[in-house]
file model.tsv (TSV, C-alpha atoms)
chain	number	residue	atom	x	y	z
D	27	MET	CA	-45.50	25.99	-31.30
D	28	SER	CA	-44.60	24.94	-34.84
D	29	ASN	CA	-41.26	26.85	-34.61
D	30	TYR	CA	-39.98	24.65	-31.75
D	31	TYR	CA	-41.57	21.33	-32.25
D	32	ASN	CA	-41.81	19.06	-35.22
D	33	GLY	CA	-43.99	16.04	-34.76
D	34	GLY	CA	-43.78	16.36	-30.91
D	35	ARG	CA	-39.92	16.37	-30.80
D	36	PRO	CA	-37.54	19.31	-29.99
D	37	SER	CA	-36.23	21.11	-33.07
D	38	LEU	CA	-32.57	21.23	-34.11
D	39	PHE	CA	-32.47	24.92	-33.23
D	40	LEU	CA	-33.22	24.13	-29.56
D	41	TYR	CA	-30.30	21.62	-29.36
D	42	ILE	CA	-27.88	24.14	-30.83
D	43	ALA	CA	-29.01	26.88	-28.44
D	44	ILE	CA	-28.59	24.69	-25.36
D	45	GLY	CA	-25.10	23.60	-26.47
D	46	LEU	CA	-23.91	27.18	-27.00
D	47	ILE	CA	-25.19	28.29	-23.63
D	48	SER	CA	-23.51	25.33	-21.85
D	49	ALA	CA	-20.18	26.00	-23.57
D	50	LEU	CA	-20.21	29.68	-22.61
D	51	LEU	CA	-21.11	28.88	-19.01
D	52	GLY	CA	-18.37	26.21	-18.69
D	53	SER	CA	-15.70	28.52	-20.10
D	54	SER	CA	-16.66	31.27	-17.68
D	55	LEU	CA	-16.43	28.95	-14.69
D	56	MET	CA	-13.02	27.64	-15.82
D	57	LEU	CA	-11.60	31.15	-16.25
D	58	PHE	CA	-12.87	32.10	-12.80
D	59	ALA	CA	-11.26	29.01	-11.21
D	60	VAL	CA	-7.89	29.59	-12.91
D	61	HIS	CA	-7.91	33.21	-11.84
D	62	THR	CA	-8.68	32.51	-8.19
D	63	ASN	CA	-6.60	29.28	-7.72
D	64	PRO	CA	-3.76	29.27	-10.26
D	65	GLN	CA	-1.63	26.89	-8.13
D	66	LEU	CA	-4.08	24.07	-8.84
D	67	PHE	CA	-3.45	24.27	-12.56
D	68	PHE	CA	0.04	25.76	-13.01
D	69	PRO	CA	2.00	24.96	-9.78
D	70	GLU	CA	5.41	25.51	-11.37
D	71	ASN	CA	4.49	29.09	-12.43
D	72	VAL	CA	3.02	30.28	-9.13
D	73	PRO	CA	5.33	32.75	-7.35
D	74	ASP	CA	6.21	32.32	-3.67
D	75	GLN	CA	3.30	33.79	-1.74
D	76	GLY	CA	5.36	34.01	1.41
D	77	GLU	CA	3.03	31.80	3.45
D	78	PRO	CA	4.19	31.16	7.01
D	79	GLY	CA	6.24	28.00	7.27
D	80	ALA	CA	6.27	27.35	3.51
D	81	GLN	CA	10.05	27.75	3.31
D	82	ASP	CA	10.48	25.08	6.03
D	83	VAL	CA	8.90	22.28	4.01
D	84	PRO	CA	11.66	20.19	2.35
D	85	PRO	CA	11.26	19.20	-1.29
D	86	PRO	CA	10.09	15.64	-1.92
D	87	SER	CA	12.83	13.00	-2.29
D	88	GLU	CA	12.86	9.94	-4.50
D	89	ASN	CA	14.78	8.04	-1.77
D	90	ILE	CA	12.36	8.43	1.13
D	91	ILE	CA	12.42	5.34	3.38
D	92	PRO	CA	9.03	3.65	3.62
D	93	PRO	CA	7.15	4.12	6.93
D	94	ALA	CA	7.94	0.52	8.00
D	95	GLN	CA	11.65	1.42	8.06
D	96	VAL	CA	11.39	3.74	11.04
D	97	ASN	CA	14.56	5.65	11.74
D	98	GLY	CA	16.27	4.98	15.04
D	99	PRO	CA	18.84	7.30	16.63
D	100	HIS	CA	21.74	5.65	14.79
D	101	GLY	CA	20.24	3.91	11.79
D	102	THR	CA	17.28	2.35	10.11
D	103	ILE	CA	15.87	-1.13	10.44
D	104	VAL	CA	17.35	-1.88	7.03
D	105	GLU	CA	20.83	-0.93	8.20
D	106	VAL	CA	20.50	-2.84	11.48
D	107	ALA	CA	19.31	-5.97	9.67
D	108	ALA	CA	22.24	-5.75	7.24
D	109	LYS	CA	24.68	-5.35	10.13
D	110	ILE	CA	23.38	-8.08	12.46
D	111	GLY	CA	21.76	-10.51	10.01
D	112	PRO	CA	24.98	-12.31	8.97
D	113	ALA	CA	25.75	-13.13	12.63
D	114	VAL	CA	22.36	-14.83	13.14
D	115	VAL	CA	22.51	-18.60	12.64
D	116	GLY	CA	20.15	-21.54	12.49
D	117	VAL	CA	20.57	-24.21	15.17
D	118	SER	CA	19.36	-27.70	14.22
D	119	THR	CA	19.34	-30.49	16.79
D	120	ARG	CA	18.43	-34.15	17.15
D	121	ARG	CA	17.26	-35.62	20.43
D	122	GLN	CA	16.70	-39.24	21.27
D	123	ALA	CA	13.28	-40.27	22.54
D	124	TYR	CA	11.67	-43.59	23.35
D	125	ASP	CA	8.25	-45.00	22.59
D	126	TRP	CA	7.03	-48.25	24.16
D	127	PHE	CA	5.74	-49.43	20.78
D	128	TRP	CA	8.33	-48.09	18.31
D	129	GLY	CA	11.33	-48.09	20.64
D	130	ALA	CA	14.09	-45.48	20.40
D	131	TYR	CA	13.78	-42.75	17.78
D	132	GLU	CA	15.14	-39.26	17.12
D	133	ILE	CA	13.27	-35.95	17.32
D	134	PRO	CA	14.56	-33.08	15.15
D	135	GLY	CA	14.49	-29.53	16.47
D	136	VAL	CA	15.33	-26.09	15.15
D	137	GLY	CA	15.99	-22.70	16.66
D	138	SER	CA	18.17	-19.65	16.29
D	139	GLY	CA	21.39	-18.31	17.72
D	140	VAL	CA	23.72	-15.34	17.41
D	141	ILE	CA	27.52	-15.33	17.04
D	142	PHE	CA	28.88	-12.96	19.71
D	143	ASP	CA	32.58	-13.84	19.58
D	144	ALA	CA	34.96	-14.25	16.64
D	145	GLN	CA	36.23	-17.52	18.11
D	146	GLY	CA	32.91	-19.10	17.17
D	147	TYR	CA	30.86	-18.77	20.36
D	148	ILE	CA	27.11	-18.71	19.78
D	149	LEU	CA	24.49	-17.62	22.30
D	150	THR	CA	21.14	-19.42	22.18
D	151	ASN	CA	18.43	-20.82	24.48
D	152	ASP	CA	18.83	-23.85	26.72
D	153	HIS	CA	15.53	-25.25	25.47
D	154	VAL	CA	16.84	-25.13	21.89
D	155	VAL	CA	19.78	-27.46	22.61
D	156	HIS	CA	18.74	-29.23	25.82
D	157	GLY	CA	19.26	-32.98	25.54
D	158	ALA	CA	20.54	-32.75	21.96
D	159	ARG	CA	22.72	-35.61	20.70
D	160	THR	CA	23.87	-33.60	17.70
D	161	ILE	CA	23.95	-29.89	16.93
D	162	ASN	CA	24.35	-28.41	13.45
D	163	VAL	CA	24.74	-24.70	12.79
D	164	THR	CA	23.62	-23.09	9.52
D	165	LEU	CA	25.64	-19.97	8.67
D	166	TYR	CA	24.48	-16.93	6.72
D	167	ASP	CA	26.12	-18.21	3.51
D	168	GLY	CA	24.27	-21.54	3.69
D	169	ARG	CA	27.12	-23.64	5.08
D	170	GLN	CA	26.19	-26.21	7.71
D	171	VAL	CA	28.85	-26.95	10.31
D	172	PRO	CA	28.84	-29.09	13.47
D	173	GLY	CA	28.38	-27.31	16.77
D	174	ARG	CA	29.69	-28.29	20.22
D	175	LEU	CA	27.71	-27.55	23.37
D	176	VAL	CA	29.86	-25.51	25.75
D	177	GLY	CA	27.34	-25.29	28.58
D	178	THR	CA	23.77	-24.50	29.54
D	179	ASP	CA	21.88	-22.84	32.36
D	180	PRO	CA	18.26	-24.08	32.46
D	181	SER	CA	17.34	-21.60	35.21
D	182	THR	CA	17.87	-18.68	32.81
D	183	ASP	CA	17.18	-20.62	29.58
D	184	LEU	CA	20.61	-19.74	28.17
D	185	ALA	CA	23.19	-21.89	26.40
D	186	VAL	CA	26.49	-21.43	24.57
D	187	VAL	CA	27.45	-23.43	21.47
D	188	LYS	CA	30.82	-23.28	19.69
D	189	ILE	CA	31.78	-23.78	16.08
D	190	ASP	CA	35.30	-23.90	14.62
D	191	GLU	CA	35.19	-21.64	11.58
D	192	PRO	CA	37.38	-18.65	10.62
D	193	ASP	CA	36.34	-15.12	9.70
D	194	LEU	CA	32.92	-15.23	11.32
D	195	PRO	CA	30.62	-12.19	11.47
D	196	VAL	CA	30.00	-11.06	15.04
D	197	ALA	CA	27.06	-9.21	16.58
D	198	PRO	CA	28.10	-6.68	19.26
D	199	LEU	CA	26.50	-7.07	22.68
D	200	GLY	CA	24.82	-3.93	23.97
D	201	ASP	CA	23.58	-2.71	27.35
D	202	SER	CA	20.08	-3.58	28.57
D	203	GLU	CA	20.41	-1.73	31.88
D	204	ASN	CA	18.85	1.56	30.76
D	205	LEU	CA	16.26	0.37	28.27
D	206	LEU	CA	13.15	2.52	27.95
D	207	VAL	CA	9.63	1.41	27.16
D	208	GLY	CA	8.88	2.52	23.61
D	209	GLU	CA	12.39	1.99	22.21
D	210	LEU	CA	12.77	0.36	18.83
D	211	ALA	CA	13.23	-3.42	19.09
D	212	ILE	CA	14.21	-5.66	16.16
D	213	ALA	CA	13.99	-9.46	16.32
D	214	ILE	CA	15.97	-11.61	13.88
D	215	GLY	CA	15.66	-15.38	13.65
D	216	ASN	CA	14.10	-18.40	11.97
D	217	PRO	CA	10.41	-18.20	12.97
D	218	LEU	CA	9.20	-21.36	11.24
D	219	GLY	CA	12.38	-23.25	10.45
D	220	LEU	CA	15.50	-22.86	8.33
D	221	GLU	CA	13.52	-22.17	5.18
D	222	LEU	CA	12.67	-18.74	6.68
D	223	GLN	CA	16.15	-17.90	7.95
D	224	ARG	CA	16.98	-14.45	9.29
D	225	THR	CA	13.43	-13.17	9.22
D	226	VAL	CA	13.37	-9.59	10.52
D	227	THR	CA	10.47	-8.27	12.58
D	228	ALA	CA	10.31	-4.90	14.28
D	229	GLY	CA	8.37	-3.35	17.12
D	230	ILE	CA	9.10	-1.66	20.40
D	231	VAL	CA	10.11	-2.49	23.93
D	232	SER	CA	6.62	-2.93	25.37
D	233	ALA	CA	7.53	-3.45	29.04
D	234	LEU	CA	10.42	-4.38	31.32
D	235	ASN	CA	11.03	-6.77	34.24
D	236	ARG	CA	8.36	-9.26	33.23
D	237	THR	CA	8.07	-12.70	34.85
D	238	ILE	CA	6.72	-15.73	32.98
D	239	GLN	CA	6.46	-19.47	33.50
D	240	THR	CA	7.63	-21.61	30.59
D	241	GLU	CA	5.95	-24.76	29.35
D	242	ASP	CA	8.35	-26.92	31.37
D	243	GLY	CA	7.47	-25.07	34.56
D	244	ASN	CA	10.64	-22.95	34.71
D	245	VAL	CA	10.13	-19.37	35.95
D	246	LEU	CA	12.03	-16.64	34.10
D	247	GLU	CA	12.31	-13.20	35.70
D	248	GLY	CA	13.39	-9.74	34.61
D	249	LEU	CA	12.45	-10.25	30.96
D	250	ILE	CA	12.03	-7.69	28.20
D	251	GLN	CA	8.54	-7.69	26.69
D	252	THR	CA	8.26	-6.72	23.02
D	253	ASP	CA	5.64	-6.66	20.30
D	254	ALA	CA	8.19	-7.60	17.61
D	255	SER	CA	6.85	-10.92	16.30
D	256	ILE	CA	8.51	-13.90	18.01
D	257	ASN	CA	7.62	-17.46	17.04
D	258	PRO	CA	9.02	-20.83	18.21
D	259	GLY	CA	11.90	-20.89	15.69
D	260	ASN	CA	12.99	-17.39	16.83
D	261	SER	CA	14.10	-18.87	20.16
D	262	GLY	CA	17.77	-18.06	20.72
D	263	GLY	CA	17.84	-15.26	18.16
D	264	PRO	CA	18.82	-11.70	19.08
D	265	LEU	CA	16.66	-8.75	20.02
D	266	VAL	CA	18.49	-5.71	18.67
D	267	ASN	CA	18.25	-1.98	19.32
D	268	ALA	CA	18.42	0.86	16.80
D	269	SER	CA	22.21	1.06	17.21
D	270	GLY	CA	22.65	-2.50	15.95
D	271	GLN	CA	23.52	-3.95	19.37
D	272	VAL	CA	22.09	-7.10	20.91
D	273	ILE	CA	19.99	-6.15	23.94
D	274	GLY	CA	18.28	-9.51	24.52
D	275	ILE	CA	17.95	-13.16	23.54
D	276	ASN	CA	14.47	-14.10	22.38
D	277	THR	CA	13.06	-16.89	24.48
D	278	ALA	CA	9.27	-17.18	24.24
D	279	LYS	CA	5.98	-15.76	23.05
D	280	ALA	CA	2.89	-15.40	25.17
D	281	PRO	CA	0.91	-18.66	24.75
D	282	LYS	CA	-2.55	-17.06	24.78
D	283	ALA	CA	-1.91	-13.72	23.09
D	284	GLU	CA	-0.58	-12.35	19.81
D	285	GLY	CA	2.01	-9.62	19.57
D	286	ILE	CA	3.60	-10.36	22.96
D	287	GLY	CA	7.07	-11.88	23.12
D	288	PHE	CA	9.82	-12.04	25.73
D	289	SER	CA	13.60	-11.73	25.65
D	290	ILE	CA	16.31	-12.35	28.23
D	291	PRO	CA	18.16	-9.06	28.90
D	292	ILE	CA	21.72	-9.21	27.61
D	293	ASN	CA	23.11	-7.83	30.89
D	294	LEU	CA	21.65	-10.86	32.65
D	295	ALA	CA	23.17	-13.14	30.00
D	296	LYS	CA	26.73	-11.73	30.07
D	297	PRO	CA	27.89	-13.20	33.41
D	298	ILE	CA	26.12	-16.49	32.61
D	299	VAL	CA	27.98	-16.69	29.30
D	300	GLU	CA	31.29	-15.93	31.00
D	301	GLU	CA	30.82	-18.77	33.47
D	302	LEU	CA	29.66	-21.22	30.82
D	303	ILE	CA	32.76	-20.54	28.73
D	304	THR	CA	35.07	-20.72	31.75
D	305	HIS	CA	33.56	-23.65	33.64
D	306	GLY	CA	31.09	-25.27	31.25
D	307	ARG	CA	28.42	-24.80	33.89
D	308	ILE	CA	27.09	-22.22	36.32
D	309	VAL	CA	29.16	-22.13	39.50
D	310	THR	CA	26.76	-21.17	42.30
D	311	PRO	CA	28.02	-19.69	45.59
D	312	TRP	CA	27.16	-21.90	48.56
D	313	LEU	CA	26.72	-21.08	52.23
D	314	GLY	CA	25.57	-24.53	53.33
D	315	ILE	CA	22.55	-23.92	55.52
D	316	ILE	CA	18.86	-24.68	55.49
D	317	GLY	CA	17.03	-21.71	56.93
D	318	GLY	CA	13.62	-20.20	57.27
D	319	THR	CA	12.01	-16.79	57.59
D	320	ILE	CA	11.23	-15.87	61.20
D	321	THR	CA	7.56	-15.22	61.90
D	322	PRO	CA	5.99	-14.18	65.22
D	323	GLU	CA	4.90	-17.80	65.72
D	324	ILE	CA	8.43	-19.14	65.11
D	325	ALA	CA	9.94	-16.45	67.32
D	326	ASN	CA	7.57	-17.40	70.10
D	327	TYR	CA	8.15	-21.15	69.65
D	328	TYR	CA	11.95	-20.89	69.82
D	329	ASP	CA	11.88	-18.02	72.31
D	330	LEU	CA	13.87	-15.78	69.97
D	331	ALA	CA	14.83	-12.22	70.84
D	332	VAL	CA	13.82	-10.91	67.36
D	333	GLU	CA	10.81	-11.30	65.09
D	334	LYS	CA	12.64	-10.75	61.77
D	335	GLY	CA	15.60	-12.52	60.22
D	336	VAL	CA	16.64	-15.96	58.93
D	337	LEU	CA	16.66	-18.83	61.40
D	338	VAL	CA	19.37	-21.46	60.78
D	339	LEU	CA	17.60	-24.83	60.96
D	340	GLU	CA	20.29	-27.12	59.57
D	341	ILE	CA	23.97	-26.90	58.60
D	342	SER	CA	25.58	-29.13	55.98
D	343	ARG	CA	28.71	-31.03	56.91
D	344	SER	CA	32.00	-29.57	55.67
D	345	SER	CA	30.12	-26.53	54.40
D	346	PRO	CA	31.37	-22.92	54.55
D	347	ALA	CA	28.82	-22.25	57.29
D	348	GLU	CA	30.12	-25.12	59.44
D	349	GLU	CA	33.74	-24.08	58.90
D	350	ALA	CA	32.86	-20.52	59.93
D	351	GLY	CA	31.31	-21.76	63.17
D	352	LEU	CA	27.63	-21.18	62.54
D	353	ARG	CA	25.27	-23.18	64.71
D	354	ARG	CA	21.71	-24.43	64.53
D	355	LEU	CA	19.18	-21.81	65.76
D	356	ASP	CA	21.53	-18.92	65.02
D	357	VAL	CA	19.57	-15.98	63.57
D	358	ILE	CA	21.11	-14.21	60.55
D	359	THR	CA	20.11	-10.55	60.75
D	360	ALA	CA	22.51	-8.95	58.22
D	361	PHE	CA	24.60	-9.90	55.17
D	362	ASN	CA	27.56	-7.54	54.64
D	363	ILE	CA	25.71	-4.97	56.79
D	364	THR	CA	22.54	-5.25	54.62
D	365	PRO	CA	19.58	-6.28	56.84
D	366	MET	CA	18.17	-9.76	56.18
D	367	GLU	CA	14.49	-10.15	57.04
D	368	THR	CA	13.54	-13.21	54.97
D	369	ILE	CA	15.12	-16.29	53.44
D	370	GLU	CA	14.49	-14.68	50.03
D	371	ASP	CA	16.67	-11.75	51.08
D	372	LEU	CA	19.50	-14.15	51.95
D	373	THR	CA	19.14	-16.13	48.72
D	374	SER	CA	19.17	-12.95	46.63
D	375	ALA	CA	22.27	-11.66	48.44
D	376	LEU	CA	24.11	-14.95	47.84
D	377	GLU	CA	23.30	-14.85	44.12
D	378	GLN	CA	25.24	-11.58	43.82
D	379	GLN	CA	28.43	-13.13	45.20
D	380	LYS	CA	31.14	-15.38	43.75
D	381	VAL	CA	32.70	-18.61	44.89
D	382	GLY	CA	35.72	-17.93	47.12
D	383	GLN	CA	34.43	-14.52	48.16
D	384	GLU	CA	34.48	-13.64	51.88
D	385	ILE	CA	31.27	-12.29	53.35
D	386	LYS	CA	30.31	-11.11	56.83
D	387	LEU	CA	27.14	-12.32	58.53
D	388	THR	CA	25.65	-10.57	61.51
D	389	ILE	CA	24.05	-13.22	63.72
D	390	LEU	CA	22.15	-13.37	66.95
D	391	ARG	CA	23.03	-16.34	69.14
D	392	GLY	CA	20.68	-16.27	72.11
D	393	GLU	CA	20.90	-12.63	73.13
D	394	SER	CA	24.50	-12.25	71.94
D	395	LYS	CA	25.12	-10.34	68.67
D	396	GLN	CA	28.14	-11.47	66.66
D	397	THR	CA	29.80	-10.96	63.28
D	398	VAL	CA	31.00	-14.09	61.46
D	399	SER	CA	33.26	-14.19	58.37
D	400	VAL	CA	32.40	-16.88	55.81
D	401	VAL	CA	34.29	-17.84	52.64
D	402	LEU	CA	31.65	-18.99	50.16
D	403	GLY	CA	32.10	-22.39	48.51
D	404	GLU	CA	30.73	-23.92	45.33
D	405	GLN	CA	27.26	-25.45	45.31
D	406	PRO	CA	27.72	-29.25	45.17
D	407	GLN	CA	26.51	-30.85	41.94
D	408	GLU	CA	23.53	-33.13	42.40
call {"tool": "encode", "arguments": {"input": "model.tsv", "output": "structure tokens"}}
result
Amino acid sequence: MSNYYNGGRPSLFLYIAIGLISALLGSSLMLFAVHTNPQLFFPENVPDQGEPGAQDVPPPSENIIPPAQVNGPHGTIVEVAAKIGPAVVGVSTRRQAYDWFWGAYEIPGVGSGVIFDAQGYILTNDHVVHGARTINVTLYDGRQVPGRLVGTDPSTDLAVVKIDEPDLPVAPLGDSENLLVGELAIAIGNPLGLELQRTVTAGIVSALNRTIQTEDGNVLEGLIQTDASINPGNSGGPLVNASGQVIGINTAKAPKAEGIGFSIPINLAKPIVEELITHGRIVTPWLGIIGGTITPEIANYYDLAVEKGVLVLEISRSSPAEEAGLRRLDVITAFNITPMETIEDLTSALEQQKVGQEIKLTILRGESKQTVSVVLGEQPQE
């Protein structure tokens, strides 16, 4: 016992012995690891082992795009933002309001817009400029220029503003007809005011043909739903695809949910824009009747020979219907050969026509079937 312990403590010899044994054991384990897994320690000296698929792995690049910059079929989000961003503008407005205590005062507003024509035409939302006394447009280089309202269409929440400036950047309008759920969608606008101009958010096309009711009670149909962040100041800004083309105009976010926004398809906007530039308003085709959908009860009451169609209840004076010879209690059964079963069918068919266009109505007058030609007029302004 005296060889190993001195006063109850381990001797120096014991410490030295334990250290030597540990060193030898550690060295042996290291040599074994290097021998069996050399690639962990000397990757540049390990020869190609010919593992399946190893030759297909590309070498790492110093210029890899971060995951947030997901590649689209024609470019990245970075490239799209650089292409479209300069054409996105801020739209500042002032509206007059009245308070019984303070009297008349002005309310400032702010939204977004996109230049779609080199002559200075800007597409935005009706609710951004509706009732505005003044409109100011902030360009990508910081200049603020006055804007002139060309026309609005509250039913689709679209408006066109014009500025008179040369050499303007223009965003190309795309095609929203064949959009697919899951496509890349990029929103550009001013989400919280001009201090956050041209904010870029990205997501996907979440759904198509959505219908929503806006805060003012207006119903918007056929909308694009996206999870790209859209906030109040984004209204009027573009929704862009991976090719750098405008596919929609951002109009609203879901009031009770996050990550759900809506855009007006650009194919719906194109004919509206054309009419606003040409006429300053939407010219609506007019037939000039008040009608109703025939039900079995109505058919029985008026002793009609059919149970489907549109019953003419009233005809406006000097209207296209009156000039074509339509009469009260005529039943419209077809519009350009297309069967008409409800008043909604007739309204939808009229919306696809233009003022001055000739249409053919198939009607039933008593038990006599006739075809009547009607030249559509313009809906009178209220």
call {"tool": "atom_distance", "arguments": {"input": "model.tsv", "atom1": "CA of Gly135 (chain D)", "atom2": "CA of Ala233 (chain D)"}}
result
29.8 Å
call {"tool": "residues_near_point", "arguments": {"input": "model.tsv", "point": "(24.8, -6.3, 22.5)", "cutoff": "9 Å", "atoms": "all atoms listed in the file", "output": "list in words"}}
result
Phe142, Ala197, Pro198, Leu199, Gly200, Asp201, Ser202, Pro264, Leu265, Val266, Asn267, Gly270, Gln271, Val272, Ile273, Gly274, Ile292 and Asn293 of chain D
call {"tool": "atom_distance", "arguments": {"input": "model.tsv", "atom1": "CA of Gly229 (chain D)", "atom2": "CA of Pro180 (chain D)"}}
result
27.6 Å
call {"tool": "closest_atom_pairs", "arguments": {"input": "model.tsv", "of": "region 156-199 of chain D", "to": "region 102-123 of chain D", "cutoff": "8 Å", "atoms": "only C-alpha atoms", "output": "JSON lines"}}
result
{"residue": "D:Gly157", "atom": "CA", "partner": "D:Arg121", "partner_atom": "CA", "distance": 6.1}
{"residue": "D:Ala158", "atom": "CA", "partner": "D:Arg121", "partner_atom": "CA", "distance": 4.6}
{"residue": "D:Arg159", "atom": "CA", "partner": "D:Arg121", "partner_atom": "CA", "distance": 5.5}
{"residue": "D:Thr160", "atom": "CA", "partner": "D:Arg120", "partner_atom": "CA", "distance": 5.5}
{"residue": "D:Ile161", "atom": "CA", "partner": "D:Thr119", "partner_atom": "CA", "distance": 4.7}
{"residue": "D:Asn162", "atom": "CA", "partner": "D:Ser118", "partner_atom": "CA", "distance": 5.1}
{"residue": "D:Val163", "atom": "CA", "partner": "D:Val117", "partner_atom": "CA", "distance": 4.8}
{"residue": "D:Thr164", "atom": "CA", "partner": "D:Gly116", "partner_atom": "CA", "distance": 4.8}
{"residue": "D:Leu165", "atom": "CA", "partner": "D:Val115", "partner_atom": "CA", "distance": 5.2}
{"residue": "D:Tyr166", "atom": "CA", "partner": "D:Pro112", "partner_atom": "CA", "distance": 5.2}
{"residue": "D:Leu194", "atom": "CA", "partner": "D:Ala113", "partner_atom": "CA", "distance": 7.6}
{"residue": "D:Pro195", "atom": "CA", "partner": "D:Ala113", "partner_atom": "CA", "distance": 5.1}
{"residue": "D:Val196", "atom": "CA", "partner": "D:Ala113", "partner_atom": "CA", "distance": 5.3}
{"residue": "D:Ala197", "atom": "CA", "partner": "D:Ile110", "partner_atom": "CA", "distance": 5.6}
call {"tool": "closest_residue", "arguments": {"input": "model.tsv", "among": "D:Gly351, D:Gly215, D:Gly318, D:Gly287", "to": "Ser138 (chain D)", "atoms": "only C-alpha atoms"}}
result
D:Gly215
call {"tool": "residues_near_point", "arguments": {"input": "model.tsv", "point": "(18.8, -19.4, 66.6)", "cutoff": "12 Å", "atoms": "all atoms listed in the file", "output": "ChimeraX atom specification"}}
result
/D:317-320,324-340,352-359,389-395
call {"tool": "atom_distance", "arguments": {"input": "model.tsv", "atom1": "CA of Ile212 (chain D)", "atom2": "CA of Ile189 (chain D)"}}
result
25.2 Å
call {"tool": "residues_around", "arguments": {"input": "model.tsv", "residues": "Leu206 (chain D)", "least_positions_apart": "2", "cutoff": "9 Å", "atoms": "all atoms listed in the file", "output": "JSON, numbers by chain"}}
result
{"D": [204, 208, 209, 231, 232, 233, 234]}
call {"tool": "axis_aligned_box", "arguments": {"input": "model.tsv", "around": "region 160-171 of chain D", "padding_each_side": "6 Å", "output": "lines of an AutoDock Vina configuration file"}}
result
center_x = 26.2
center_y = -25.3
center_z = 10.6
size_x = 17.2
size_y = 28.7
size_z = 26.2
call {"tool": "closest_residue", "arguments": {"input": "model.tsv", "among": "D:Ile308, D:Gln223, D:Asp125, D:Lys188", "to": "Ala144 (chain D)", "atoms": "all atoms listed in the file"}}
result
D:Lys188
call {"tool": "closest_residue", "arguments": {"input": "model.tsv", "among": "D:His153, D:Arg236, D:Arg343, D:His305", "to": "Gly177 (chain D)", "atoms": "only C-alpha atoms"}}
result
D:His305
call {"tool": "residues_around", "arguments": {"input": "model.tsv", "residues": "region 250-261 of chain D", "least_positions_apart": "5", "cutoff": "9 Å", "atoms": "only C-alpha atoms", "output": "PDB file with C-alpha atoms, in the frame of the given file"}}
result
ATOM      1  CA  GLY D 116      20.150 -21.540  12.490  1.00  0.00           C
ATOM      2  CA  VAL D 136      15.330 -26.090  15.150  1.00  0.00           C
ATOM      3  CA  GLY D 137      15.990 -22.700  16.660  1.00  0.00           C
ATOM      4  CA  SER D 138      18.170 -19.650  16.290  1.00  0.00           C
ATOM      5  CA  GLY D 139      21.390 -18.310  17.720  1.00  0.00           C
ATOM      6  CA  THR D 150      21.140 -19.420  22.180  1.00  0.00           C
ATOM      7  CA  ASN D 151      18.430 -20.820  24.480  1.00  0.00           C
ATOM      8  CA  HIS D 153      15.530 -25.250  25.470  1.00  0.00           C
ATOM      9  CA  VAL D 154      16.840 -25.130  21.890  1.00  0.00           C
ATOM     10  CA  ALA D 211      13.230  -3.420  19.090  1.00  0.00           C
ATOM     11  CA  ILE D 212      14.210  -5.660  16.160  1.00  0.00           C
ATOM     12  CA  ALA D 213      13.990  -9.460  16.320  1.00  0.00           C
ATOM     13  CA  ILE D 214      15.970 -11.610  13.880  1.00  0.00           C
ATOM     14  CA  GLY D 215      15.660 -15.380  13.650  1.00  0.00           C
ATOM     15  CA  ASN D 216      14.100 -18.400  11.970  1.00  0.00           C
ATOM     16  CA  PRO D 217      10.410 -18.200  12.970  1.00  0.00           C
ATOM     17  CA  LEU D 218       9.200 -21.360  11.240  1.00  0.00           C
ATOM     18  CA  GLY D 219      12.380 -23.250  10.450  1.00  0.00           C
ATOM     19  CA  LEU D 220      15.500 -22.860   8.330  1.00  0.00           C
ATOM     20  CA  THR D 225      13.430 -13.170   9.220  1.00  0.00           C
ATOM     21  CA  VAL D 226      13.370  -9.590  10.520  1.00  0.00           C
ATOM     22  CA  THR D 227      10.470  -8.270  12.580  1.00  0.00           C
ATOM     23  CA  ALA D 228      10.310  -4.900  14.280  1.00  0.00           C
ATOM     24  CA  GLY D 229       8.370  -3.350  17.120  1.00  0.00           C
ATOM     25  CA  ILE D 230       9.100  -1.660  20.400  1.00  0.00           C
ATOM     26  CA  VAL D 231      10.110  -2.490  23.930  1.00  0.00           C
ATOM     27  CA  SER D 232       6.620  -2.930  25.370  1.00  0.00           C
ATOM     28  CA  ALA D 233       7.530  -3.450  29.040  1.00  0.00           C
ATOM     29  CA  LEU D 234      10.420  -4.380  31.320  1.00  0.00           C
ATOM     30  CA  ASN D 235      11.030  -6.770  34.240  1.00  0.00           C
ATOM     31  CA  ARG D 236       8.360  -9.260  33.230  1.00  0.00           C
ATOM     32  CA  GLY D 274      18.280  -9.510  24.520  1.00  0.00           C
ATOM     33  CA  ILE D 275      17.950 -13.160  23.540  1.00  0.00           C
ATOM     34  CA  ASN D 276      14.470 -14.100  22.380  1.00  0.00           C
ATOM     35  CA  THR D 277      13.060 -16.890  24.480  1.00  0.00           C
ATOM     36  CA  ALA D 278       9.270 -17.180  24.240  1.00  0.00           C
ATOM     37  CA  LYS D 279       5.980 -15.760  23.050  1.00  0.00           C
ATOM     38  CA  GLU D 284      -0.580 -12.350  19.810  1.00  0.00           C
ATOM     39  CA  GLY D 285       2.010  -9.620  19.570  1.00  0.00           C
ATOM     40  CA  ILE D 286       3.600 -10.360  22.960  1.00  0.00           C
ATOM     41  CA  GLY D 287       7.070 -11.880  23.120  1.00  0.00           C
ATOM     42  CA  PHE D 288       9.820 -12.040  25.730  1.00  0.00           C
ATOM     43  CA  SER D 289      13.600 -11.730  25.650  1.00  0.00           C
ATOM     44  CA  ILE D 290      16.310 -12.350  28.230  1.00  0.00           C
ATOM     45  CA  PRO D 291      18.160  -9.060  28.900  1.00  0.00           C
TER      46      PRO D 291
END
call {"tool": "closest_residue", "arguments": {"input": "model.tsv", "among": "D:Leu372, D:Leu184, D:Ala295, D:Val381", "to": "Pro406 (chain D)", "atoms": "only C-alpha atoms"}}
result
D:Val381
